[in-house]
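A.B. asks: One structure, pasted below without further comment.
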Amino acid sequence: MVLTPMALAPKTFNAGETVRVTVSFSYTVGINTTVRLLAGPYYTNIFGKHMVDPCVGRADVSLPAVSTPIPQTADVDFMLIPKSLGGIENGTYGLRVWVEGTNAVAEQDSVIIVTGNTGGGGGDMFTSMMPMLMMVMMLGMIMPMTQQMGAEAEEE
Amino acid sequence: MELKTLALDLGLIGVLQDGITSLAAGWYIDPRTGMRVFYDPNTQNFYTMAGGVYIPLGYMNPAPKQVSIGPGEKLKITISYKYSGPAISGAMERFCIGVYGTFGFNETLVGENTRSLPASTTPLSYTGSYTFTIPTNVGADWDDIYCKIYGGSPGVPQTLFGYENALIIVGKDPAISEFTIVDFAKV
C-alpha cells in the first residue's frame with residue numbers, strides 16, 4: 001500500500017483525554033467479516049518509530065460481503081493515559097491507524113501534542129538521548145583506564 | 001447479489017461435413033490480428049510459427065475488462081458467433097471458468113448448452129449464455145474463462161475463445177485500499 005501525504009493539522013490534547021480518529025477506505029470481501037481497527041500515538045527516535053502501547057485503541061468494524069470496491073468510514077477511540085498511570089508523556093507524537101491482519105495503514109508525524117502531565121516533563125527527550133549518554137559514560141570509564149596504562153608504560 | 005456479465009465474440013465459424021474440410025492446408029492471414037497462420041486440415045487446427053516450430057494458435061487472449069466477483073454471486077457469460085451451412089442438431093456451447101497455465105486450461109466450473117442450428121447459405125448470428133453461481137470454495141486463481149462450440153450432427157469444427165485474467169475473485173480476506181485518516185478530535 002502506498003502511503004499518501006495527508007494534511008492533518010496538529011492538535012493539542014491533555015493527558016487523560018480520549019481521541020476519536022475517523023478513517024475512510026474502500027474494500028472488497030467475499031463473505032461478511034469483521035476487522036479490527038487500531039489507532040494510537042507514536043514517537044520517533046534514532047531507532048525508528050515506536051507506538052505508545054498503553055494508549056493504543058481498538059474497534060471492531062463489520063464489513064458486509066461485497067465484490068465491487070465500496071467506500072467505508074469507521075471510528076476508533078484511544079485514551080491518552082497520563083504518564084503517572086504508565087501512559088504517555090508530554091510532547092509531540094505522530095498518529096498511526098491500521099487494520100489488523102491487512103496492509104492497510106495510515107500515519108502522520110507530529111500531529112498530537114500532549115500536555116497536562118504534571119512533573120517529570122522531558123522524559124521523551126531523555127529516552128531519545130539515552131543511547132548517546134550511555135556512550136559518553138562508557139567513554140568516560142574507558143579513557144582514564146587507557147591513560148593510566150599509557151603512563152605506566154612510560155615509567156618502564 | 002448483482003449479476004455480472006462477460007461477452008465473448010467467437011467470430012465466424014465454417015461448417016465441417018463428413019469427409020469434407022472447409023479449408024485447404026496452407027497459410028492464411030488472420031483478419032483480426034493480421035498474423036500469418038497455417039491451417040492443418042488433418043488436426044483441424046491453425047498454427048503459428050515461433051522459435052522454429054509450429055505451435056497451435058493460442059485461443060486465450062487478454063481480457064478487455066475485469067469483473068470482480070465473490071462467493072454466492074452470479075456470473076453470466078454470453079457468447080456470440082455466426083454460422084452458415086447445413087442444419088446441425090446437438091451442437092454444444094461450453095462455458096468454463098478456471099485456471100489457464102503452462103499445461104492448458106484447468107476447468108473448475110463448467111456449463112453447457114445444447115444448440116440446434118438451422119440450415120443457412122449466409123452467416124447468421126447466434127448468441128448463447130450461461131450463468132454460474134460462484135461457490136464458497138472458489139479459488140483466488142480461478143480468474144480465466146473460455147468458451148467453445150463443438151460437436152453435433154453433422155459436427156461443427158471446434159471453435160475456442162477465452163480471456164485470461166477476466167475475473168477478480170474476491171475471497172474471504174478483505175482487500176482494503178485508499179486507507180486514509182479523515183480526522184481526529186477529542187471526544
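By convention in this document, the chains of the C-alpha cells carry letters A, B, ... by their order, each chain's residues are numbered from 1, and ligands are numbered from 1 in the order they are shown.
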Could you name the residues that touch Gly152 (chain B) at 12 Å or less, counting only C-alpha atoms, but leaving out those on the same chain fewer than 3 positions away, as an MDAnalysis selection string?
C.D. replies: chainID B and resid 15:18 86:93 113:117 149 155:158
A.B. asks: List the neighbours of region 20-32 of chain A out to 9 Å using only C-alpha atoms; skip same-chain residues closer than 2 positions along the sequence, and give me the result as a PyMOL selection string.
C.D. replies: (chain A and resi 18+34+39+62-79+97+104+106) or (chain B and resi 68-72+136+169-187)
A.B. asks: Generate a file of the selected residues that holds N, CA and C atoms, formatted as a short mmCIF file (atom, residue, chain, number, x, y, z; two decimals), in the first residue's frame.
C.D. replies:
```
data_model
loop_
_atom_site.label_atom_id
_atom_site.label_comp_id
_atom_site.auth_asym_id
_atom_site.auth_seq_id
_atom_site.Cartn_x
_atom_site.Cartn_y
_atom_site.Cartn_z
N THR A 18 -9.68 11.50 25.63
CA THR A 18 -9.90 10.46 24.62
C THR A 18 -9.93 11.11 23.23
N THR A 34 -15.55 -9.28 10.07
CA THR A 34 -15.26 -8.19 10.99
C THR A 34 -13.74 -8.01 11.09
N ALA A 39 -5.62 2.31 16.56
CA ALA A 39 -5.06 3.66 16.40
C ALA A 39 -4.34 4.06 17.67
N SER A 62 -17.54 -4.01 11.16
CA SER A 62 -18.19 -5.05 10.35
C SER A 62 -18.13 -4.66 8.87
N LEU A 63 -17.73 -5.62 8.05
CA LEU A 63 -17.66 -5.40 6.61
C LEU A 63 -18.57 -6.42 5.91
N PRO A 64 -19.72 -5.97 5.44
CA PRO A 64 -20.59 -6.88 4.67
C PRO A 64 -19.90 -7.31 3.37
N ALA A 65 -20.21 -8.52 2.93
CA ALA A 65 -19.60 -9.04 1.70
C ALA A 65 -19.95 -8.15 0.52
N VAL A 66 -18.94 -7.81 -0.25
CA VAL A 66 -19.16 -7.01 -1.45
C VAL A 66 -17.98 -7.28 -2.40
N SER A 67 -18.28 -7.47 -3.68
CA SER A 67 -17.22 -7.81 -4.62
C SER A 67 -16.72 -6.61 -5.41
N THR A 68 -17.46 -5.53 -5.38
CA THR A 68 -17.01 -4.30 -6.05
C THR A 68 -16.61 -3.31 -4.97
N PRO A 69 -15.42 -2.71 -5.09
CA PRO A 69 -14.96 -1.81 -4.02
C PRO A 69 -15.98 -0.72 -3.69
N ILE A 70 -16.27 -0.59 -2.41
CA ILE A 70 -17.18 0.47 -1.97
C ILE A 70 -16.50 1.26 -0.86
N PRO A 71 -16.80 2.56 -0.76
CA PRO A 71 -16.19 3.38 0.30
C PRO A 71 -16.82 3.08 1.65
N GLN A 72 -16.02 3.26 2.68
CA GLN A 72 -16.48 2.97 4.04
C GLN A 72 -15.75 3.91 4.99
N THR A 73 -16.40 4.32 6.05
CA THR A 73 -15.73 5.09 7.10
C THR A 73 -15.88 4.35 8.42
N ALA A 74 -14.95 4.61 9.32
CA ALA A 74 -15.01 3.95 10.62
C ALA A 74 -14.32 4.83 11.65
N ASP A 75 -14.72 4.68 12.91
CA ASP A 75 -14.12 5.43 14.01
C ASP A 75 -13.42 4.48 14.96
N VAL A 76 -12.37 5.00 15.57
CA VAL A 76 -11.70 4.26 16.64
C VAL A 76 -11.24 5.28 17.68
N ASP A 77 -11.47 4.97 18.94
CA ASP A 77 -11.09 5.87 20.03
C ASP A 77 -9.87 5.33 20.76
N PHE A 78 -9.04 6.25 21.23
CA PHE A 78 -7.96 5.84 22.14
C PHE A 78 -7.78 6.92 23.20
N MET A 79 -7.36 6.49 24.39
CA MET A 79 -7.19 7.42 25.50
C MET A 79 -5.71 7.74 25.69
N VAL A 97 -2.88 4.71 12.30
CA VAL A 97 -4.10 3.90 12.30
C VAL A 97 -3.87 2.73 11.35
N ALA A 104 -3.35 -2.37 5.39
CA ALA A 104 -3.93 -1.03 5.47
C ALA A 104 -3.35 -0.29 6.66
N ALA A 106 -2.20 3.95 7.89
CA ALA A 106 -2.06 5.37 7.58
C ALA A 106 -1.45 6.04 8.80
N SER B 68 -15.15 -8.16 -10.92
CA SER B 68 -14.96 -8.61 -9.54
C SER B 68 -16.16 -9.44 -9.12
N ILE B 69 -15.88 -10.57 -8.51
CA ILE B 69 -16.99 -11.44 -8.12
C ILE B 69 -16.58 -12.30 -6.94
N GLY B 70 -17.54 -12.62 -6.10
CA GLY B 70 -17.26 -13.38 -4.90
C GLY B 70 -18.23 -14.53 -4.71
N PRO B 71 -18.01 -15.33 -3.67
CA PRO B 71 -18.87 -16.48 -3.40
C PRO B 71 -20.34 -16.08 -3.29
N GLY B 72 -21.20 -16.88 -3.91
CA GLY B 72 -22.63 -16.62 -3.85
C GLY B 72 -23.14 -15.72 -4.96
N THR B 136 -18.59 -21.25 -2.63
CA THR B 136 -17.85 -20.69 -1.50
C THR B 136 -16.39 -21.12 -1.50
N ILE B 169 -11.32 -12.51 -8.29
CA ILE B 169 -12.04 -13.30 -7.31
C ILE B 169 -11.89 -12.66 -5.93
N VAL B 170 -13.00 -12.35 -5.33
CA VAL B 170 -13.00 -11.74 -4.00
C VAL B 170 -13.12 -12.86 -2.98
N GLY B 171 -12.09 -13.05 -2.19
CA GLY B 171 -12.05 -14.15 -1.24
C GLY B 171 -12.56 -13.77 0.13
N LYS B 172 -12.24 -14.61 1.12
CA LYS B 172 -12.73 -14.39 2.48
C LYS B 172 -11.95 -13.32 3.22
N ASP B 173 -10.73 -13.02 2.76
CA ASP B 173 -9.94 -11.98 3.40
C ASP B 173 -10.22 -10.63 2.74
N PRO B 174 -10.46 -9.61 3.54
CA PRO B 174 -10.78 -8.31 2.94
C PRO B 174 -9.57 -7.70 2.24
N ALA B 175 -9.84 -7.03 1.14
CA ALA B 175 -8.82 -6.25 0.44
C ALA B 175 -9.17 -4.78 0.63
N ILE B 176 -8.28 -4.04 1.29
CA ILE B 176 -8.57 -2.66 1.66
C ILE B 176 -7.65 -1.73 0.87
N SER B 177 -8.21 -0.67 0.35
CA SER B 177 -7.42 0.31 -0.40
C SER B 177 -7.86 1.72 -0.01
N GLU B 178 -7.07 2.69 -0.43
CA GLU B 178 -7.37 4.11 -0.19
C GLU B 178 -7.63 4.38 1.29
N PHE B 179 -6.80 3.79 2.14
CA PHE B 179 -6.98 3.90 3.58
C PHE B 179 -6.35 5.21 4.06
N THR B 180 -7.15 6.13 4.54
CA THR B 180 -6.62 7.45 4.97
C THR B 180 -7.30 7.89 6.26
N ILE B 181 -6.58 8.74 6.99
CA ILE B 181 -7.15 9.36 8.19
C ILE B 181 -7.92 10.60 7.75
N VAL B 182 -9.19 10.63 8.06
CA VAL B 182 -10.02 11.76 7.68
C VAL B 182 -9.91 12.86 8.71
N ASP B 183 -9.97 12.47 9.98
CA ASP B 183 -9.98 13.48 11.04
C ASP B 183 -9.65 12.82 12.37
N PHE B 184 -9.23 13.62 13.33
CA PHE B 184 -9.09 13.14 14.70
C PHE B 184 -9.41 14.30 15.62
N ALA B 185 -10.09 14.01 16.72
CA ALA B 185 -10.55 15.09 17.60
C ALA B 185 -10.83 14.53 18.99
N LYS B 186 -10.86 15.41 19.95
CA LYS B 186 -11.20 14.99 21.32
C LYS B 186 -12.66 14.60 21.38
N VAL B 187 -12.93 13.55 22.09
CA VAL B 187 -14.32 13.10 22.23
C VAL B 187 -14.98 13.89 23.36
#
```
A.B. asks: Could you name the residues that touch Tyr126 (chain B) at 9 Å or less, counting only C-alpha atoms, but leaving out those on the same chain fewer than 6 positions away, as a list in words?
C.D. replies: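 Neighbouring residues, sequence-local ones excluded: Ile79, Ser80, Tyr81, Lys82, Tyr83 and Leu117 of chain B.
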A.B. asks: Output C-alpha atoms of each residue in that selection to a file, as a CSV table (one decimal), in the first residue's frame.
C.D. replies:
```
chain,number,residue,atom,x,y,z
B,79,ILE,CA,-21.1,-15.6,-26.4
B,80,SER,CA,-21.9,-14.6,-30.0
B,81,TYR,CA,-21.0,-16.3,-33.3
B,82,LYS,CA,-22.1,-16.7,-36.9
B,83,TYR,CA,-22.9,-19.9,-38.7
B,117,LEU,CA,-28.5,-24.5,-35.9
```
